[in-house]
Amino acid sequence: MLGPDALLDEALRGSRRALARAITWIEVRTGGIGEAVAARGVRRIRGPGRPHVVGVTGPPGAGKSTLVDQLVTVARHEGQRVAVVAVDPSSPFSGGAILGDRIRMEDHTGDDGVYIRSLSSRGHLGGLSAATTEVVDLLDAAGFDRIVVETVGVGQSELGVMEVADTAIVVLTPESGDAVQAMKAGLLEVADVFVVNKADRPGADRLVRELERMIELDPEAPGRWTPPVCAVVATERKGVDQVVARAVDHLAWCVGDGLPVWRARRGAARVRLALDLVAEEARRGALARLRERDLLDRLREGSLTAHEAARRLA
Ligand SMILES: Nc1nc2c(ncn2[C@@H]2O[C@H](COP(=O)(O)OP(=O)(O)OP(=O)(O)O)[C@@H](O)[C@H]2O)c(=O)[nH]1
Ligand SMILES: [Mg+2]
């Protein structure tokens, strides 16, 4: 049985099988890989630039995967090696909505410069953002130039996953108009680039204007990056080059004037990762102790309350 270091050596030497296995270890939280990667020189620790980590988030069905597919194509035209991590936050029981993505992205199979992988929360105790961070670090160490992370949803729960990105793209559609009003602050906090996808449908112009007005009125704006709004028809590759150009502009800003902001975001991500790792470990230990003390079944049945169980573990 290979240890984490030997497995990582193989993955970094270019073995796809070893890379896939290492990611699975991270996914099921086997332990050891994340640490081994961190010890091996993640390039991004030195600053923004290479790789460019791009997060893509937005409501279900907004066209994220279609856009990501196009981003991969553009990156390949530019000669960049690109990895995609599709993060599926749905419970292991709801049957992984991401599967469809894999099918659509099969256009790129057989291309050595593309690596696509989905990541789910199957079985482990939270820690999906920790797993995502570790996988991105691994792909960074493996030498990919661009790493795209796709995750469903817009809101607090995605913040942890999006924090891993240098550049966060929020994908909305004309149908998201009402939701946009409700999530205003959250959107502005996350988005570096707004994409109004499905611009072939009515209402797209209005949403573009709404977003632009919202950005203009953002009280946090001075000194910050002003997120551009791109109208896109992902299925027809319309506007995709513009999205790539704006994302690259944002990375350039991170290297220059935005460096303090970039450093703060990376710092927050490291703090979150550390806390997530501690929480994960604590939960694992607590679960084991519940089992050892035969409290788990009683808790499940309801003959023991959650509060009582927690008190006994404390
Ligand atoms: N009309 C139109 N349809 C689009 C466009 N982009 C994507 N779609 C369609 O929208 C549907 C959802 O696209 P996906 O790319 O799977 O969306 P997603 O955001 O990845 O979906 P989830 O991962 O399930 O949240 C598909 O049927 C796409 O063909 C677009 O620009 N215009
Ligand atoms: Mg998708």
# chains A, B, ... in the order shown; residues from 1 in each chain; ligands from 1
call {"tool": "select_by_dssp", "arguments": {"residues": "range 8-251 of chain A", "states": "strand (DSSP E or B)", "output": "number ranges by chain"}}
result
A: 52-58, 82-88, 114-120, 146-153, 167-172, 193-196, 229-231, 233, 238
call {"tool": "closest_atom_pairs", "arguments": {"of": "range 191-271 of chain A", "to": "range 132-149 of chain A", "cutoff": "12 Å", "atoms": "only C-alpha atoms", "output": "Markdown table"}}
result
| residue | atom | partner | partner_atom | distance |
| --- | --- | --- | --- | --- |
| A:Val244 | CA | A:Arg146 | CA | 11.2 |
| A:Ala247 | CA | A:Arg146 | CA | 11.3 |
| A:Val248 | CA | A:Arg146 | CA | 10.7 |
| A:Leu251 | CA | A:Arg146 | CA | 11.5 |
| A:Arg266 | CA | A:Thr133 | CA | 10.7 |
| A:Ala269 | CA | A:Thr133 | CA | 8.4 |
| A:Arg270 | CA | A:Thr133 | CA | 9.1 |
| A:Val271 | CA | A:Thr133 | CA | 11.8 |
call {"tool": "closest_residue", "arguments": {"among": "A:Asp200, A:Glu216, A:Asp249, A:Asp297", "to": "ligand 1", "atoms": "only C-alpha atoms and all ligand atoms"}}
result
A:Asp200
call {"tool": "residues_near_ligand", "arguments": {"ligand": "ligand 1", "cutoff": "9 Å", "atoms": "only C-alpha atoms and all ligand atoms", "output": "mmCIF file with C-alpha atoms, in the first residue's frame"}}
result
data_model
loop_
_atom_site.group_PDB
_atom_site.id
_atom_site.type_symbol
_atom_site.label_atom_id
_atom_site.label_comp_id
_atom_site.auth_asym_id
_atom_site.auth_seq_id
_atom_site.Cartn_x
_atom_site.Cartn_y
_atom_site.Cartn_z
ATOM 1 C CA THR A 57 -20.919 29.652 -8.903
ATOM 2 C CA GLY A 58 -24.583 30.444 -9.425
ATOM 3 C CA PRO A 59 -28.070 29.008 -9.062
ATOM 4 C CA PRO A 60 -28.923 25.524 -10.322
ATOM 5 C CA GLY A 61 -29.247 25.357 -14.075
ATOM 6 C CA ALA A 62 -27.775 28.817 -14.719
ATOM 7 C CA GLY A 63 -25.374 27.362 -17.277
ATOM 8 C CA LYS A 64 -22.255 27.060 -15.126
ATOM 9 C CA SER A 65 -21.121 23.764 -16.626
ATOM 10 C CA THR A 66 -21.783 24.993 -20.148
ATOM 11 C CA LEU A 67 -19.681 28.058 -19.412
ATOM 12 C CA VAL A 68 -16.939 26.020 -17.725
ATOM 13 C CA ASP A 69 -16.802 23.775 -20.767
ATOM 14 C CA ALA A 86 -16.976 20.269 -10.012
ATOM 15 C CA ASP A 88 -21.277 18.957 -5.510
ATOM 16 C CA ALA A 97 -26.454 16.483 -9.633
ATOM 17 C CA ILE A 98 -22.989 16.890 -11.076
ATOM 18 C CA LEU A 99 -22.943 13.631 -12.990
ATOM 19 C CA GLY A 100 -24.476 15.344 -16.015
ATOM 20 C CA ASP A 101 -21.492 17.684 -16.132
ATOM 21 C CA ARG A 104 -21.184 17.139 -21.286
ATOM 22 C CA GLU A 150 -17.649 24.910 -10.242
ATOM 23 C CA THR A 151 -20.133 24.869 -7.390
ATOM 24 C CA VAL A 152 -23.911 25.174 -7.261
ATOM 25 C CA GLY A 153 -25.643 27.949 -5.398
ATOM 26 C CA VAL A 171 -23.396 33.183 -13.181
ATOM 27 C CA LEU A 172 -26.972 34.498 -13.213
ATOM 28 C CA THR A 173 -29.761 34.327 -15.780
ATOM 29 C CA VAL A 196 -25.566 37.189 -17.175
ATOM 30 C CA ASN A 197 -25.959 33.931 -19.051
ATOM 31 C CA LYS A 198 -28.806 32.958 -21.374
ATOM 32 C CA ALA A 199 -28.630 36.445 -22.826
ATOM 33 C CA ASP A 200 -30.589 35.006 -25.745
ATOM 34 C CA ARG A 201 -33.628 35.214 -23.493
ATOM 35 C CA VAL A 232 -23.144 35.631 -22.348
ATOM 36 C CA VAL A 233 -24.809 32.914 -24.365
ATOM 37 C CA ALA A 234 -22.729 30.002 -23.163
ATOM 38 C CA THR A 235 -24.323 27.484 -25.509
ATOM 39 C CA GLU A 236 -23.175 29.601 -28.471
ATOM 40 C CA ARG A 237 -19.871 30.720 -26.932
ATOM 41 C CA LYS A 238 -21.065 34.331 -27.207
#
call {"tool": "atom_distance", "arguments": {"atom1": "CA of Ile33 in chain A", "atom2": "CA of Arg284 in chain A"}}
result
17.7 Å
call {"tool": "closest_residue", "arguments": {"among": "A:Thr30, A:Gln70, A:Ser129, A:Thr24", "to": "Arg272 in chain A", "atoms": "only C-alpha atoms"}}
result
A:Ser129
call {"tool": "residues_around", "arguments": {"residues": "Asp178 in chain A", "least_positions_apart": "4", "cutoff": "12 Å", "atoms": "only C-alpha atoms", "output": "PyMOL selection string"}}
result
chain A and resi 172-174+182-184+203+206-207+210-211
call {"tool": "write_last_selection", "arguments": {"atoms": "N, CA, C and O atoms", "output": "PDB file, in the first residue's frame"}}
result
ATOM      1  N   LEU A 172     -25.546  34.296 -13.429  1.00  0.00           N
ATOM      2  CA  LEU A 172     -26.972  34.498 -13.213  1.00  0.00           C
ATOM      3  C   LEU A 172     -27.670  34.422 -14.564  1.00  0.00           C
ATOM      4  O   LEU A 172     -27.010  34.424 -15.602  1.00  0.00           O
ATOM      5  N   THR A 173     -29.000  34.353 -14.526  1.00  0.00           N
ATOM      6  CA  THR A 173     -29.761  34.327 -15.780  1.00  0.00           C
ATOM      7  C   THR A 173     -30.906  35.336 -15.658  1.00  0.00           C
ATOM      8  O   THR A 173     -31.204  35.789 -14.542  1.00  0.00           O
ATOM      9  N   PRO A 174     -31.543  35.674 -16.776  1.00  0.00           N
ATOM     10  CA  PRO A 174     -32.670  36.613 -16.691  1.00  0.00           C
ATOM     11  C   PRO A 174     -33.709  36.166 -15.664  1.00  0.00           C
ATOM     12  O   PRO A 174     -34.375  36.989 -15.060  1.00  0.00           O
ATOM     13  N   ALA A 182     -32.740  39.908  -3.505  1.00  0.00           N
ATOM     14  CA  ALA A 182     -32.674  39.308  -2.178  1.00  0.00           C
ATOM     15  C   ALA A 182     -31.242  39.014  -1.740  1.00  0.00           C
ATOM     16  O   ALA A 182     -30.930  39.074  -0.563  1.00  0.00           O
ATOM     17  N   MET A 183     -30.376  38.723  -2.705  1.00  0.00           N
ATOM     18  CA  MET A 183     -29.025  38.295  -2.302  1.00  0.00           C
ATOM     19  C   MET A 183     -27.970  39.365  -2.526  1.00  0.00           C
ATOM     20  O   MET A 183     -26.784  39.080  -2.472  1.00  0.00           O
ATOM     21  N   LYS A 184     -28.398  40.553  -2.829  1.00  0.00           N
ATOM     22  CA  LYS A 184     -27.505  41.649  -3.168  1.00  0.00           C
ATOM     23  C   LYS A 184     -26.149  41.641  -2.468  1.00  0.00           C
ATOM     24  O   LYS A 184     -25.103  41.549  -3.112  1.00  0.00           O
ATOM     25  N   GLY A 203     -35.077  39.824 -20.954  1.00  0.00           N
ATOM     26  CA  GLY A 203     -34.797  40.225 -19.580  1.00  0.00           C
ATOM     27  C   GLY A 203     -33.320  40.315 -19.260  1.00  0.00           C
ATOM     28  O   GLY A 203     -32.936  40.769 -18.185  1.00  0.00           O
ATOM     29  N   ARG A 206     -32.024  43.915 -18.884  1.00  0.00           N
ATOM     30  CA  ARG A 206     -32.498  44.520 -17.641  1.00  0.00           C
ATOM     31  C   ARG A 206     -31.648  44.042 -16.462  1.00  0.00           C
ATOM     32  O   ARG A 206     -31.268  44.832 -15.600  1.00  0.00           O
ATOM     33  N   LEU A 207     -31.339  42.758 -16.442  1.00  0.00           N
ATOM     34  CA  LEU A 207     -30.530  42.225 -15.350  1.00  0.00           C
ATOM     35  C   LEU A 207     -29.115  42.823 -15.373  1.00  0.00           C
ATOM     36  O   LEU A 207     -28.563  43.159 -14.326  1.00  0.00           O
ATOM     37  N   GLU A 210     -29.429  46.207 -13.898  1.00  0.00           N
ATOM     38  CA  GLU A 210     -29.688  46.095 -12.458  1.00  0.00           C
ATOM     39  C   GLU A 210     -28.391  45.818 -11.688  1.00  0.00           C
ATOM     40  O   GLU A 210     -28.118  46.420 -10.658  1.00  0.00           O
ATOM     41  N   LEU A 211     -27.621  44.887 -12.229  1.00  0.00           N
ATOM     42  CA  LEU A 211     -26.358  44.526 -11.569  1.00  0.00           C
ATOM     43  C   LEU A 211     -25.397  45.710 -11.589  1.00  0.00           C
ATOM     44  O   LEU A 211     -24.736  46.011 -10.593  1.00  0.00           O
TER      45      LEU A 211
END
call {"tool": "atom_distance", "arguments": {"atom1": "CA of Gly31 in chain A", "atom2": "CA of Pro4 in chain A"}}
result
8.3 Å
call {"tool": "residues_around", "arguments": {"residues": "Ala131 in chain A", "least_positions_apart": "3", "cutoff": "10 Å", "atoms": "only C-alpha atoms", "output": "ChimeraX atom specification"}}
result
/A:23-29,34,87,119-121,124,126-128,134-137,161,273,276-277
call {"tool": "select_by_dssp", "arguments": {"residues": "range 98-266 of chain A", "states": "alpha helix (DSSP H)", "output": "ChimeraX atom specification"}}
result
/A:99-104,128-141,156-162,177-190,204-216,240-255,259-266
call {"tool": "closest_residue", "arguments": {"among": "A:Arg291, A:His52, A:Arg21, A:His108", "to": "Asp166 in chain A", "atoms": "only C-alpha atoms"}}
result
A:His52
call {"tool": "atom_distance", "arguments": {"atom1": "CA of Val82 in chain A", "atom2": "CA of Arg17 in chain A"}}
result
16.9 Å
call {"tool": "residues_around", "arguments": {"residues": "Gly49 in chain A", "least_positions_apart": "5", "cutoff": "9 Å", "atoms": "only C-alpha atoms", "output": "PyMOL selection string"}}
result
chain A and resi 43-44+166+251-252+254-255
